[in-house]
file upload_11.cif (mmCIF, C-alpha atoms)
data_final
#
loop_
_atom_site.label_atom_id
_atom_site.label_comp_id
_atom_site.auth_asym_id
_atom_site.auth_seq_id
_atom_site.Cartn_x
_atom_site.Cartn_y
_atom_site.Cartn_z
CA MET A 1 73.40 107.17 104.83
CA LYS A 2 70.81 106.39 107.47
CA MET A 3 71.34 108.17 110.81
CA THR A 4 69.69 106.80 113.96
CA ASN A 5 69.96 108.32 117.42
CA ILE A 6 70.29 105.40 119.83
CA TYR A 7 70.92 107.36 123.01
CA GLU A 8 70.15 110.93 124.01
CA GLY A 9 71.16 112.35 127.37
CA SER A 10 73.70 115.04 128.08
CA TYR A 11 75.48 113.56 125.07
CA LYS A 12 74.38 111.47 122.14
CA TRP A 13 75.04 108.11 120.46
CA VAL A 14 74.27 107.96 116.74
CA MET A 15 74.38 104.93 114.48
CA PHE A 16 75.22 105.46 110.79
CA GLY A 17 74.60 102.73 108.24
CA ARG A 18 72.53 101.28 105.41
CA ASP A 19 74.22 103.60 102.92
CA GLU A 20 72.12 103.43 99.75
CA ASN A 21 74.99 104.51 97.52
CA LYS A 22 77.46 101.94 98.82
CA PRO A 23 79.28 100.09 95.99
CA GLU A 24 77.59 96.71 95.51
CA LYS A 25 80.51 94.38 96.34
CA ILE A 26 81.47 96.17 99.55
CA ILE A 27 80.12 94.84 102.82
CA ASP A 28 77.59 97.06 104.60
CA THR A 29 78.87 98.46 107.89
CA ASN A 30 77.55 100.33 110.91
CA GLN A 31 79.49 103.31 112.19
CA TYR A 32 78.82 104.87 115.57
CA MET A 33 79.36 108.35 116.94
CA VAL A 34 79.43 109.63 120.50
CA ARG A 35 78.71 113.36 120.39
CA THR A 36 79.35 115.41 123.52
CA SER A 37 78.98 119.18 123.93
CA ASP A 38 82.28 119.94 122.23
CA ARG A 39 83.79 116.66 121.09
CA CYS A 40 83.00 113.78 118.84
CA LEU A 41 84.22 110.18 118.81
CA LEU A 42 83.76 108.08 115.68
CA ILE A 43 83.76 104.36 116.41
CA ASP A 44 84.94 102.16 113.53
CA PRO A 45 84.59 105.03 111.03
CA GLY A 46 84.62 102.67 108.06
CA GLY A 47 86.33 101.92 104.78
CA VAL A 48 87.76 104.33 102.27
CA GLU A 49 84.69 104.01 100.02
CA LEU A 50 82.50 105.17 102.86
CA PHE A 51 84.46 108.24 103.86
CA ALA A 52 82.50 110.86 101.89
CA PRO A 53 78.98 109.73 102.89
CA MET A 54 80.16 109.18 106.47
CA LEU A 55 81.71 112.64 106.88
CA ALA A 56 78.71 114.20 105.12
CA ALA A 57 76.44 112.49 107.67
CA VAL A 58 78.60 113.52 110.64
CA LEU A 59 78.41 117.17 109.50
CA HIS A 60 74.74 117.10 110.47
CA TYR A 61 75.88 116.70 114.11
CA ALA A 62 79.35 118.20 114.48
CA PRO A 63 81.81 120.52 112.75
CA VAL A 64 85.01 118.96 111.45
CA ASP A 65 87.20 120.57 114.11
CA GLN A 66 85.18 118.89 116.88
CA ILE A 67 85.84 115.38 115.54
CA THR A 68 88.53 114.85 118.12
CA ASP A 69 88.66 111.07 118.48
CA LEU A 70 88.53 107.98 116.30
CA PHE A 71 88.43 104.41 117.55
CA ALA A 72 89.26 101.28 115.58
CA SER A 73 88.10 98.02 117.15
CA HIS A 74 90.64 96.17 115.01
CA GLN A 75 92.64 96.47 111.79
CA ASP A 76 90.24 95.36 109.05
CA PRO A 77 89.77 97.65 106.01
CA ASP A 78 86.00 97.94 106.50
CA ILE A 79 86.76 99.31 109.98
CA ILE A 80 89.42 101.90 109.30
CA SER A 81 90.83 102.02 105.75
CA SER A 82 89.42 105.58 105.59
CA LEU A 83 92.10 106.63 108.12
CA GLY A 84 94.29 108.35 105.51
CA LEU A 85 91.35 110.55 104.47
CA TRP A 86 90.43 111.44 108.06
CA ASP A 87 94.10 112.24 108.49
CA GLN A 88 93.82 114.90 105.76
CA ALA A 89 90.56 116.28 107.17
CA LEU A 90 91.26 116.45 110.91
CA SER A 91 93.83 118.74 112.45
CA ASN A 92 93.39 117.90 116.11
CA SER A 93 92.45 114.28 116.49
CA LYS A 94 93.51 111.01 118.10
CA LEU A 95 93.12 107.44 116.92
CA HIS A 96 92.55 104.96 119.76
CA ALA A 97 93.50 101.47 118.62
CA SER A 98 95.44 98.42 119.72
CA ALA A 99 99.18 98.85 120.24
CA LEU A 100 99.58 95.67 118.21
CA TRP A 101 98.08 97.22 115.09
CA GLU A 102 99.98 100.50 115.06
CA GLY A 103 102.57 99.46 112.48
CA PHE A 104 99.79 98.08 110.29
CA LEU A 105 97.24 100.89 110.59
CA ARG A 106 99.84 103.51 109.76
CA HIS A 107 99.91 102.01 106.23
CA PHE A 108 96.56 103.73 105.68
CA GLY A 109 98.18 107.13 106.44
CA CYS A 110 98.37 108.59 109.94
CA GLU A 111 100.54 111.71 109.92
CA SER A 112 98.52 114.43 111.64
CA ILE A 113 96.31 112.16 113.74
CA GLU A 114 97.92 111.06 117.02
CA TYR A 115 97.97 107.29 117.47
CA VAL A 116 96.95 106.41 121.02
CA ALA A 117 98.04 102.80 121.51
CA ILE A 118 95.75 100.65 123.67
CA ASN A 119 97.42 97.84 125.58
CA ASP A 120 95.89 94.36 125.71
CA GLY A 121 94.18 95.06 129.03
CA GLY A 122 92.01 97.82 127.52
CA GLY A 123 91.55 101.26 129.04
CA LEU A 124 89.42 104.38 129.01
CA ILE A 125 88.52 107.07 126.51
CA ASP A 126 87.74 110.29 128.32
CA LEU A 127 85.55 112.59 126.23
CA GLY A 128 85.01 115.12 129.01
CA ASP A 129 81.23 114.71 129.33
CA VAL A 130 81.52 110.93 129.37
CA GLU A 131 84.15 108.28 130.05
CA LEU A 132 84.01 105.20 127.86
CA GLN A 133 85.52 101.83 128.71
CA VAL A 134 87.66 99.98 126.20
CA ILE A 135 86.85 96.30 126.76
CA PRO A 136 89.25 93.57 125.53
CA ALA A 137 87.70 91.19 123.01
CA HIS A 138 90.86 89.58 121.64
CA TYR A 139 90.49 86.87 119.01
CA MET A 140 86.89 87.94 118.50
CA HIS A 141 87.68 87.80 115.61
CA SER A 142 90.89 89.78 115.31
CA ALA A 143 93.98 88.88 117.37
CA ALA A 144 93.96 92.34 118.97
CA ASN A 145 90.36 93.43 119.30
CA PHE A 146 88.39 95.79 121.53
CA ASN A 147 84.77 96.75 122.27
CA ILE A 148 83.57 100.09 123.62
CA TYR A 149 81.28 100.14 126.64
CA ASP A 150 79.39 103.19 127.86
CA PRO A 151 78.13 102.49 131.43
CA GLN A 152 75.89 105.55 131.41
CA ALA A 153 74.12 104.89 128.10
CA LYS A 154 74.48 101.12 128.71
CA ILE A 155 75.66 100.54 125.16
CA LEU A 156 78.25 97.96 124.19
CA MET A 157 79.72 98.53 120.72
CA SER A 158 80.74 94.95 120.06
CA GLY A 159 82.63 95.16 116.76
CA ASP A 160 82.12 92.00 114.72
CA ILE A 161 80.48 90.14 117.61
CA GLY A 162 76.75 89.96 116.91
CA ALA A 163 77.31 90.87 113.26
CA ALA A 164 74.96 89.68 110.54
CA LEU A 165 74.67 90.22 106.82
CA GLU A 166 71.46 92.02 106.00
CA ALA A 167 69.57 93.10 102.93
CA PRO A 168 69.86 96.82 102.12
CA GLY A 169 67.33 98.84 104.04
CA ALA A 170 66.90 96.28 106.84
CA PRO A 171 65.70 97.68 110.19
CA VAL A 172 68.44 98.75 112.59
CA PHE A 173 67.21 96.63 115.56
CA VAL A 174 66.57 92.90 115.76
CA ASP A 175 62.80 92.40 115.90
CA ASN A 176 62.62 88.59 115.77
CA PHE A 177 65.62 86.97 117.45
CA ASP A 178 64.89 83.40 116.31
CA ALA A 179 64.64 84.51 112.68
CA HIS A 180 67.81 86.55 113.04
CA VAL A 181 69.94 83.60 114.20
CA ASP A 182 70.26 82.17 110.69
CA LYS A 183 71.86 85.41 109.51
CA MET A 184 74.54 85.21 112.21
CA ARG A 185 75.39 81.53 112.60
CA PHE A 186 77.91 80.88 109.85
CA PHE A 187 79.62 84.23 110.29
CA HIS A 188 80.29 83.54 113.97
CA GLN A 189 81.26 79.90 113.49
CA ARG A 190 83.69 80.69 110.71
CA TRP A 191 85.11 84.08 111.70
CA MET A 192 85.46 83.61 115.46
CA PRO A 193 88.47 81.33 115.90
CA SER A 194 88.45 80.32 119.55
CA ASN A 195 85.87 78.81 121.93
CA GLN A 196 88.18 79.73 124.81
CA ALA A 197 88.30 83.40 123.75
CA LYS A 198 84.52 83.35 123.32
CA ARG A 199 84.09 81.98 126.86
CA VAL A 200 86.29 84.73 128.34
CA TRP A 201 84.44 87.44 126.40
CA ILE A 202 80.98 86.20 127.40
CA ASP A 203 81.98 86.03 131.08
CA ARG A 204 83.36 89.56 130.88
CA VAL A 205 80.33 90.99 129.10
CA ARG A 206 77.75 89.28 131.35
CA ASP A 207 79.06 91.48 134.16
CA LEU A 208 78.14 94.63 132.24
CA ASP A 209 74.74 96.30 132.35
CA ILE A 210 73.81 96.46 128.66
CA ASP A 211 70.68 97.93 127.04
CA ILE A 212 72.00 97.92 123.49
CA LEU A 213 74.56 95.61 121.93
CA ALA A 214 75.71 97.38 118.79
CA PRO A 215 77.69 95.36 116.23
CA GLN A 216 79.56 96.69 113.22
CA HIS A 217 77.37 94.84 110.69
CA GLY A 218 73.65 94.16 110.63
CA ARG A 219 71.17 94.92 113.37
CA MET A 220 71.60 96.03 116.97
CA PHE A 221 70.22 94.00 119.92
CA LYS A 222 68.08 95.75 122.48
CA GLY A 223 66.70 94.79 125.90
CA ASP A 224 66.11 91.02 126.33
CA ASP A 225 67.64 90.30 122.93
CA VAL A 226 71.05 91.16 124.40
CA ASN A 227 70.90 88.17 126.77
CA ARG A 228 69.29 86.02 124.09
CA PHE A 229 72.30 86.73 121.93
CA LEU A 230 74.77 85.95 124.74
CA ASP A 231 72.98 82.65 125.50
CA TRP A 232 72.88 81.66 121.85
CA PHE A 233 76.54 82.57 121.34
CA ASP A 234 77.48 80.66 124.50
CA GLY A 235 76.19 77.44 123.02
CA LEU A 236 77.73 77.93 119.58
CA GLN A 237 80.86 76.03 118.51
CA VAL A 238 83.19 78.41 116.72
CA GLY A 239 86.43 77.96 114.78
CA ILE A 240 84.85 75.38 112.50
CA ALA A 241 87.32 75.59 109.62
CA VAL A 242 89.92 73.37 111.32
CA MET B 1 95.93 118.18 89.41
CA LYS B 2 94.12 114.86 88.94
CA LEU B 3 94.36 111.43 90.57
CA GLY B 4 95.25 110.04 87.11
CA GLN B 5 98.31 112.30 87.06
CA THR B 6 99.67 110.86 90.29
CA ARG B 7 99.00 107.33 89.03
CA SER B 8 101.18 107.97 85.95
CA GLN B 9 103.79 109.50 88.29
CA PHE B 10 103.87 106.23 90.29
CA VAL B 11 104.61 104.30 87.09
CA ALA B 12 107.29 106.79 85.99
CA VAL B 13 109.01 106.89 89.38
CA ALA B 14 108.92 103.09 89.68
CA SER B 15 110.45 102.67 86.22
CA ILE B 16 113.21 105.16 87.12
CA ALA B 17 114.04 103.10 90.21
CA ALA B 18 114.25 99.95 88.07
CA GLU B 19 116.52 101.63 85.48
CA LEU B 20 118.79 103.03 88.21
CA SER B 21 119.15 99.65 89.81
CA ALA B 22 120.31 98.29 86.41
CA VAL B 23 122.78 101.19 86.04
CA MET B 24 124.19 100.35 89.47
CA ASP B 25 124.73 96.71 88.45
CA VAL B 26 126.52 97.78 85.28
CA ALA B 27 128.71 100.28 87.17
CA LYS B 28 129.72 97.48 89.56
CA ASN B 29 130.60 95.34 86.53
CA ILE B 30 132.85 98.13 85.22
CA SER B 31 134.56 98.19 88.57
CA LEU B 32 135.18 94.45 88.28
CA ALA B 33 136.43 94.90 84.71
CA ALA B 34 138.87 97.53 85.98
CA ALA B 35 140.26 95.16 88.62
CA ASN B 36 140.55 92.41 86.02
CA ALA B 37 142.29 94.77 83.57
CA LYS B 38 144.71 95.86 86.25
CA ALA B 39 145.72 92.26 86.94
CA ILE B 40 146.21 91.53 83.23
CA ALA B 41 148.18 94.75 82.67
CA PHE B 42 150.39 93.86 85.65
CA ARG B 43 151.11 90.43 84.20
CA ALA B 44 151.76 91.90 80.74
CA GLY B 45 154.34 94.25 82.22
CA GLU B 46 156.11 96.42 79.61
CA LYS B 47 153.85 95.25 76.82
CA ALA B 48 150.81 96.84 78.47
CA LYS B 49 152.50 99.86 79.93
CA GLY B 50 150.11 102.25 78.22
CA PHE B 51 147.17 100.23 79.49
CA GLN B 52 147.97 100.54 83.20
CA PRO B 53 146.88 104.17 83.73
CA ILE B 54 143.71 103.39 81.76
CA THR B 55 142.70 100.79 84.35
CA ASP B 56 142.84 103.50 87.01
CA PHE B 57 140.62 105.69 84.86
CA ILE B 58 138.13 102.85 84.43
CA ASN B 59 138.05 102.30 88.16
CA GLU B 60 137.52 106.02 88.88
CA LEU B 61 134.76 106.09 86.31
CA ALA B 62 132.96 103.19 87.96
CA LYS B 63 133.31 104.82 91.39
CA ASP B 64 131.97 108.14 90.10
CA THR B 65 129.00 106.42 88.48
CA ILE B 66 128.18 104.43 91.62
CA GLU B 67 128.34 107.58 93.75
CA LEU B 68 126.14 109.52 91.35
CA VAL B 69 123.60 106.71 91.12
CA ASN B 70 123.45 106.53 94.92
CA THR B 71 122.66 110.25 95.08
CA ILE B 72 120.10 109.94 92.29
CA ASN B 73 118.51 106.99 94.08
CA GLU B 74 117.95 109.15 97.15
CA HIS B 75 116.40 111.76 94.93
CA ALA B 76 114.16 109.18 93.23
CA LEU B 77 113.07 107.94 96.66
CA ASN B 78 112.15 111.49 97.63
CA LEU B 79 110.20 111.79 94.38
CA TYR B 80 108.35 108.60 95.26
CA GLN B 81 107.43 109.92 98.72
CA LEU B 82 106.20 113.16 97.18
CA THR B 83 104.09 111.13 94.76
CA VAL B 84 102.58 109.14 97.65
CA ASN B 85 101.78 112.38 99.51
CA GLU B 86 100.33 113.98 96.44
CA TYR B 87 98.20 110.92 95.67
CA ARG B 88 96.80 110.95 99.20
CA MET B 89 96.07 114.66 99.04
CA ALA B 90 94.49 114.46 95.60
CA GLU B 91 92.31 111.57 96.77
CA ALA B 92 91.31 113.48 99.91
CA TYR B 93 90.55 116.61 97.90
CA ASP B 94 88.27 114.67 95.54
CA LYS B 95 86.48 113.12 98.53
CA PHE B 96 86.09 116.47 100.30
CA VAL B 97 84.45 117.87 97.16
CA ALA B 98 82.12 114.85 97.17
CA VAL B 99 81.30 115.51 100.85
CA GLN B 100 80.30 119.08 99.96
CA THR B 101 77.73 117.73 97.53
CA LEU B 102 76.47 114.99 99.84
CA ALA B 103 76.25 117.24 102.90
CA GLN B 104 73.98 119.87 101.37
CA GLY B 105 71.75 121.16 104.14
CA ALA B 106 73.97 119.80 106.94
CA ALA B 107 74.30 122.19 109.88
CA TYR B 108 78.09 122.13 109.87
CA ILE B 109 78.86 121.93 106.16
CA ASP B 110 80.86 125.19 106.28
CA SER B 111 83.35 123.62 108.69
CA LEU B 112 84.65 121.64 105.71
CA ASN B 113 85.99 124.79 104.02
CA GLN B 114 89.14 124.92 106.13
CA PRO B 115 90.26 121.32 105.50
CA LEU B 116 89.35 121.72 101.82
CA ASN B 117 91.52 124.86 101.50
CA ASN B 118 94.36 123.29 103.50
CA CYS B 119 94.27 120.22 101.32
CA TYR B 120 94.38 122.34 98.16
CA GLN B 121 97.33 124.36 99.47
CA ASN B 122 99.24 121.26 100.53
CA MET B 123 98.58 119.72 97.15
CA THR B 124 99.91 122.83 95.40
CA GLU B 125 103.06 122.83 97.56
CA CYS B 126 103.58 119.15 96.94
CA ARG B 127 103.30 119.72 93.17
CA ARG B 128 105.82 122.55 93.35
CA ASP B 129 108.28 120.33 95.26
CA PHE B 130 107.72 117.55 92.77
CA LYS B 131 108.49 119.82 89.82
CA THR B 132 111.67 121.10 91.50
CA ASN B 133 112.77 117.55 92.23
CA VAL B 134 112.11 116.42 88.66
CA THR B 135 114.28 119.28 87.31
CA GLN B 136 117.08 118.40 89.74
CA LEU B 137 116.85 114.74 88.88
CA LEU B 138 117.06 115.50 85.14
CA ASP B 139 120.24 117.50 85.80
CA GLN B 140 121.73 114.65 87.82
CA LEU B 141 120.87 112.16 85.11
CA ALA B 142 122.63 114.38 82.58
CA GLU B 143 125.64 114.26 84.90
CA VAL B 144 125.69 110.44 84.83
CA MET B 145 125.90 110.64 81.05
CA HIS B 146 129.35 112.32 81.33
CA PRO B 147 131.21 109.36 82.85
CA ALA B 148 129.35 107.09 80.45
CA ARG B 149 130.60 109.15 77.51
CA ALA B 150 134.11 109.25 78.98
CA ALA B 151 133.99 105.47 79.34
CA ARG B 152 133.45 105.11 75.60
CA VAL B 153 136.51 107.26 74.87
CA ILE B 154 138.53 105.21 77.35
CA ALA B 155 137.31 102.03 75.70
CA ALA B 156 138.57 103.32 72.32
CA ASN B 157 141.98 104.17 73.84
CA SER B 158 142.06 100.78 75.54
CA ARG B 159 141.65 99.06 72.17
CA ILE B 160 144.65 100.95 70.80
CA GLU B 161 146.78 100.12 73.82
CA ALA B 162 145.61 96.54 73.77
CA SER B 163 146.78 96.12 70.16
CA GLN B 164 150.36 96.54 71.40
CA ALA B 165 150.12 94.03 74.20
CA GLY B 166 151.25 90.95 72.22
CA GLU B 167 149.81 87.74 73.68
CA TYR B 168 147.63 89.83 76.06
CA LEU B 169 145.86 91.46 73.13
CA GLN B 170 142.72 89.33 73.38
CA SER B 171 142.33 89.69 77.14
CA LEU B 172 142.77 93.44 77.09
CA GLN B 173 140.51 93.82 74.07
CA ALA B 174 137.84 91.92 75.98
CA VAL B 175 138.23 94.42 78.83
CA ALA B 176 137.87 97.33 76.40
CA GLU B 177 134.82 95.66 74.91
CA SER B 178 133.14 95.16 78.27
CA VAL B 179 133.77 98.77 79.30
CA ASP B 180 132.36 99.95 75.99
CA ASN B 181 129.25 97.75 76.34
CA ALA B 182 128.72 98.86 79.94
CA ALA B 183 128.97 102.51 78.96
CA GLN B 184 126.41 101.95 76.23
CA VAL B 185 124.01 100.18 78.61
CA ILE B 186 124.33 103.00 81.15
CA HIS B 187 123.69 105.56 78.42
CA GLU B 188 120.55 103.75 77.26
CA ASN B 189 119.18 103.22 80.80
CA VAL B 190 119.77 106.82 81.81
CA GLN B 191 118.14 107.95 78.59
CA ARG B 192 115.09 105.85 79.47
CA CYS B 193 115.01 107.45 82.95
CA ARG B 194 115.02 110.88 81.34
CA THR B 195 112.25 109.90 78.95
CA ALA B 196 110.14 108.55 81.84
CA LEU B 197 110.60 111.82 83.71
CA LEU B 198 109.92 113.99 80.69
CA ILE B 199 106.56 112.36 79.96
CA ILE B 200 105.25 113.05 83.47
CA ASP B 201 102.48 115.59 83.22
CA LEU B 202 103.74 118.49 85.30
CA ALA B 203 100.67 120.64 84.75
CA ASP B 204 98.86 121.93 87.85
#
call {"tool": "encode", "arguments": {"input": "upload_11.cif", "output": "structure tokens"}}
result
Amino acid sequence: MKMTNIYEGSYKWVMFGRDENKPEKIIDTNQYMVRTSDRCLLIDPGGVELFAPMLAAVLHYAPVDQITDLFASHQDPDIISSLGLWDQALSNSKLHASALWEGFLRHFGCESIEYVAINDGGGLIDLGDVELQVIPAHYMHSAANFNIYDPQAKILMSGDIGAALEAPGAPVFVDNFDAHVDKMRFFHQRWMPSNQAKRVWIDRVRDLDIDILAPQHGRMFKGDDVNRFLDWFDGLQVGIAV
Amino acid sequence: MKLGQTRSQFVAVASIAAELSAVMDVAKNISLAAANAKAIAFRAGEKAKGFQPITDFINELAKDTIELVNTINEHALNLYQLTVNEYRMAEAYDKFVAVQTLAQGAAYIDSLNQPLNNCYQNMTECRRDFKTNVTQLLDQLAEVMHPARAARVIAANSRIEASQAGEYLQSLQAVAESVDNAAQVIHENVQRCRTALLIIDLAD
């Protein structure tokens, strides 16, 4: 599992991904961690197949008892089907996820972890050293969907928005936006169902000060590429299957 | 304890649930047969005098069986939940062991010891509960065999009484036959439940 520090201040953002031992037919995912002095938030901690390499990677940064928070942007298995395993590992942890998905996510196993239901309007995750904003991104692509924004680190974890399918070992940042577009187009046209929802999300996100847009698949966007992405996405027709 | 063990437990527990559901249907049929027999015996009057108390027995038997099966069903459900818990714990334990290998050299690898030990202990407790529940369930299944055996005796008596019921002979013999068949089906299904339970690997 590749580990990349994407922000270092009084706390840290780490991106985990490009797992070399990932089973072939399983989609590659990016997991993110916000590590403060005594707490740790795992953002979209991944599927059940990824649990062991993911926890092994996290142990380089934090002990198990300081993994206090998990966040699931939505309900897909590549996001959070590892929940039942985290539930066995963590004794003092919360899962922040949409109120709409609670009855579904509990199928993965959520006995010892406390489910903190997020309402449609979003909210905050207070990690002590830093307060993160939970930004609504409904229908992008999931019906109840959230992003995480860190105003201090200026990172937007955007879930499936900005996702691309990459070859194993691809760099973690976009280095040629025009070349990258082909890897994103079909995914966004087919998986994002609503132009109206896209419009609302873009308007909301344009108000945020973002240095890094960090999706759950593929490469992250940095600096000017963030606005390039928003402009490109703005002009894209989505929901093409109907 | 291995993941394969819990997988075979899932199959065993599911097959028990299916067999019990069939036993319940048959017990309800006996209850119907009892009501039918009662009506016939009433119409037959003096000719089926000896048959009348038998219909009450048949009805009691059906009620007892239904009650027992309801209790056993609750037990089987509990066994299923224990199997789910055990499967989850066994899976987690395997993964934690894998993490230990993958995290060699990680600064906080030792922090995994506590969850690993907890998981092992929970798994051991779950196994102990499972074994206790299997033993109790086997006892309860043996209990269901008693009314089934009694039903066969009643069926034999019913045939004798039916033979003296003149023109009602055929109807009452049919009742005796259906009680006998039902008892046999219950016996076979319960036996299959016991076999399914007995082949579960209860080793640690």
call {"tool": "residues_around", "arguments": {"input": "upload_11.cif", "residues": "A:Ser142", "least_positions_apart": "2", "cutoff": "12 Å", "atoms": "all atoms listed in the file", "output": "list in words"}}
result
Ala72, Ser73, His74, Gln75, Asp76, Ile79, Ser98, Leu100, Trp101, Pro136, Ala137, His138, Tyr139, Met140, Ala144, Asn145, Phe146, Asn147, Gly159, Asp160, Ile161, Trp191, Met192, Pro193, Ser194 and Ala197 of chain A
call {"tool": "resolve_selection", "arguments": {"input": "upload_11.cif", "expression": "the PyMOL selection byres ((chain A) within 6 of (chain B))", "output": "PyMOL selection string"}}
result
chain A and resi 52+56+59-60+63-64+85+89
call {"tool": "resolve_selection", "arguments": {"input": "upload_11.cif", "expression": "the PyMOL selection byres ((chain B and resi 18-23) around 8)", "output": "PyMOL selection string"}}
result
chain B and resi 14-17+24-27+69+73+185-186+189-190+192-193
call {"tool": "resolve_selection", "arguments": {"input": "upload_11.cif", "expression": "the PyMOL selection byres ((chain A and resi 164) around 6)", "output": "mmCIF file with C-alpha atoms, in the coordinates of the input"}}
result
data_model
loop_
_atom_site.group_PDB
_atom_site.id
_atom_site.type_symbol
_atom_site.label_atom_id
_atom_site.label_comp_id
_atom_site.auth_asym_id
_atom_site.auth_seq_id
_atom_site.Cartn_x
_atom_site.Cartn_y
_atom_site.Cartn_z
ATOM 1 C CA ALA A 163 77.310 90.870 113.260
ATOM 2 C CA LEU A 165 74.670 90.220 106.820
ATOM 3 C CA LYS A 183 71.860 85.410 109.510
ATOM 4 C CA MET A 184 74.540 85.210 112.210
ATOM 5 C CA HIS A 217 77.370 94.840 110.690
ATOM 6 C CA GLY A 218 73.650 94.160 110.630
#
call {"tool": "closest_residue", "arguments": {"input": "upload_11.cif", "among": "A:Arg204, A:Pro215, A:Phe186, A:Ala57", "to": "A:Gln237", "atoms": "only C-alpha atoms"}}
result
A:Phe186
call {"tool": "closest_residue", "arguments": {"input": "upload_11.cif", "among": "B:Ile200, B:Ala12, B:Ala183, B:Met123", "to": "B:Met145", "atoms": "all atoms listed in the file"}}
result
B:Ala183
call {"tool": "closest_residue", "arguments": {"input": "upload_11.cif", "among": "A:Cys40, A:Val181, A:Leu236, A:Val172", "to": "A:Arg219", "atoms": "all atoms listed in the file"}}
result
A:Val172
call {"tool": "residues_around", "arguments": {"input": "upload_11.cif", "residues": "B:Thr124", "least_positions_apart": "4", "cutoff": "10 Å", "atoms": "only C-alpha atoms", "output": "PyMOL selection string"}}
result
chain B and resi 1+86+89-90+118-120+128-130+204
call {"tool": "residues_around", "arguments": {"input": "upload_11.cif", "residues": "A:Ala214", "least_positions_apart": "6", "cutoff": "8 Å", "atoms": "all atoms listed in the file", "output": "number ranges by chain"}}
result
A: 155-159, 162, 220-221
call {"tool": "residues_around", "arguments": {"input": "upload_11.cif", "residues": "B:Lys49", "least_positions_apart": "3", "cutoff": "10 Å", "atoms": "all atoms listed in the file", "output": "JSON, numbers by chain"}}
result
{"B": [41, 42, 44, 45, 46, 52, 53, 54, 161, 162, 164, 165]}
call {"tool": "closest_residue", "arguments": {"input": "upload_11.cif", "among": "B:Phe51, B:Tyr80, B:Phe57, B:Tyr87", "to": "B:Arg7", "atoms": "all atoms listed in the file"}}
result
B:Tyr87
call {"tool": "atom_distance", "arguments": {"input": "upload_11.cif", "atom1": "atom CA of B:Lys38", "atom2": "atom CA of B:Val179"}}
result
13.3 Å
call {"tool": "closest_atom_pairs", "arguments": {"input": "upload_11.cif", "of": "stretch 74-193 of chain A", "to": "stretch 10-29 of chain A", "cutoff": "8 Å", "atoms": "all atoms listed in the file", "output": "JSON lines"}}
result
{"residue": "A:Asp78", "atom": "CA", "partner": "A:Thr29", "partner_atom": "CA", "distance": 7.3}
{"residue": "A:Asp129", "atom": "CA", "partner": "A:Tyr11", "partner_atom": "CA", "distance": 7.2}
{"residue": "A:Val130", "atom": "CA", "partner": "A:Tyr11", "partner_atom": "CA", "distance": 7.9}
{"residue": "A:Leu165", "atom": "CA", "partner": "A:Asp28", "partner_atom": "CA", "distance": 7.8}
{"residue": "A:Pro168", "atom": "CA", "partner": "A:Arg18", "partner_atom": "CA", "distance": 6.2}
{"residue": "A:Gly169", "atom": "CA", "partner": "A:Arg18", "partner_atom": "CA", "distance": 5.9}
{"residue": "A:Ala170", "atom": "CA", "partner": "A:Arg18", "partner_atom": "CA", "distance": 7.7}
call {"tool": "write_last_selection", "arguments": {"input": "upload_11.cif", "atoms": "C-alpha atoms", "output": "PDB file, in the frame of the given file"}}
result
ATOM      1  CA  ASP A  78      86.000  97.940 106.500  1.00  0.00           C
ATOM      2  CA  ASP A 129      81.230 114.710 129.330  1.00  0.00           C
ATOM      3  CA  VAL A 130      81.520 110.930 129.370  1.00  0.00           C
ATOM      4  CA  LEU A 165      74.670  90.220 106.820  1.00  0.00           C
ATOM      5  CA  PRO A 168      69.860  96.820 102.120  1.00  0.00           C
ATOM      6  CA  GLY A 169      67.330  98.840 104.040  1.00  0.00           C
ATOM      7  CA  ALA A 170      66.900  96.280 106.840  1.00  0.00           C
TER       8      ALA A 170
END
call {"tool": "axis_aligned_box", "arguments": {"input": "upload_11.cif", "around": "stretch 114-125 of chain B", "padding_each_side": "5 Å", "output": "AutoDock Vina command-line options"}}
result
--center_x 96.1 --center_y 122.3 --center_z 100.8 --size_x 23.9 --size_y 15.2 --size_z 20.7
call {"tool": "closest_residue", "arguments": {"input": "upload_11.cif", "among": "A:Asp207, A:Glu49, A:Asp87, A:Asp120", "to": "A:Ala99", "atoms": "only C-alpha atoms"}}
result
A:Asp120
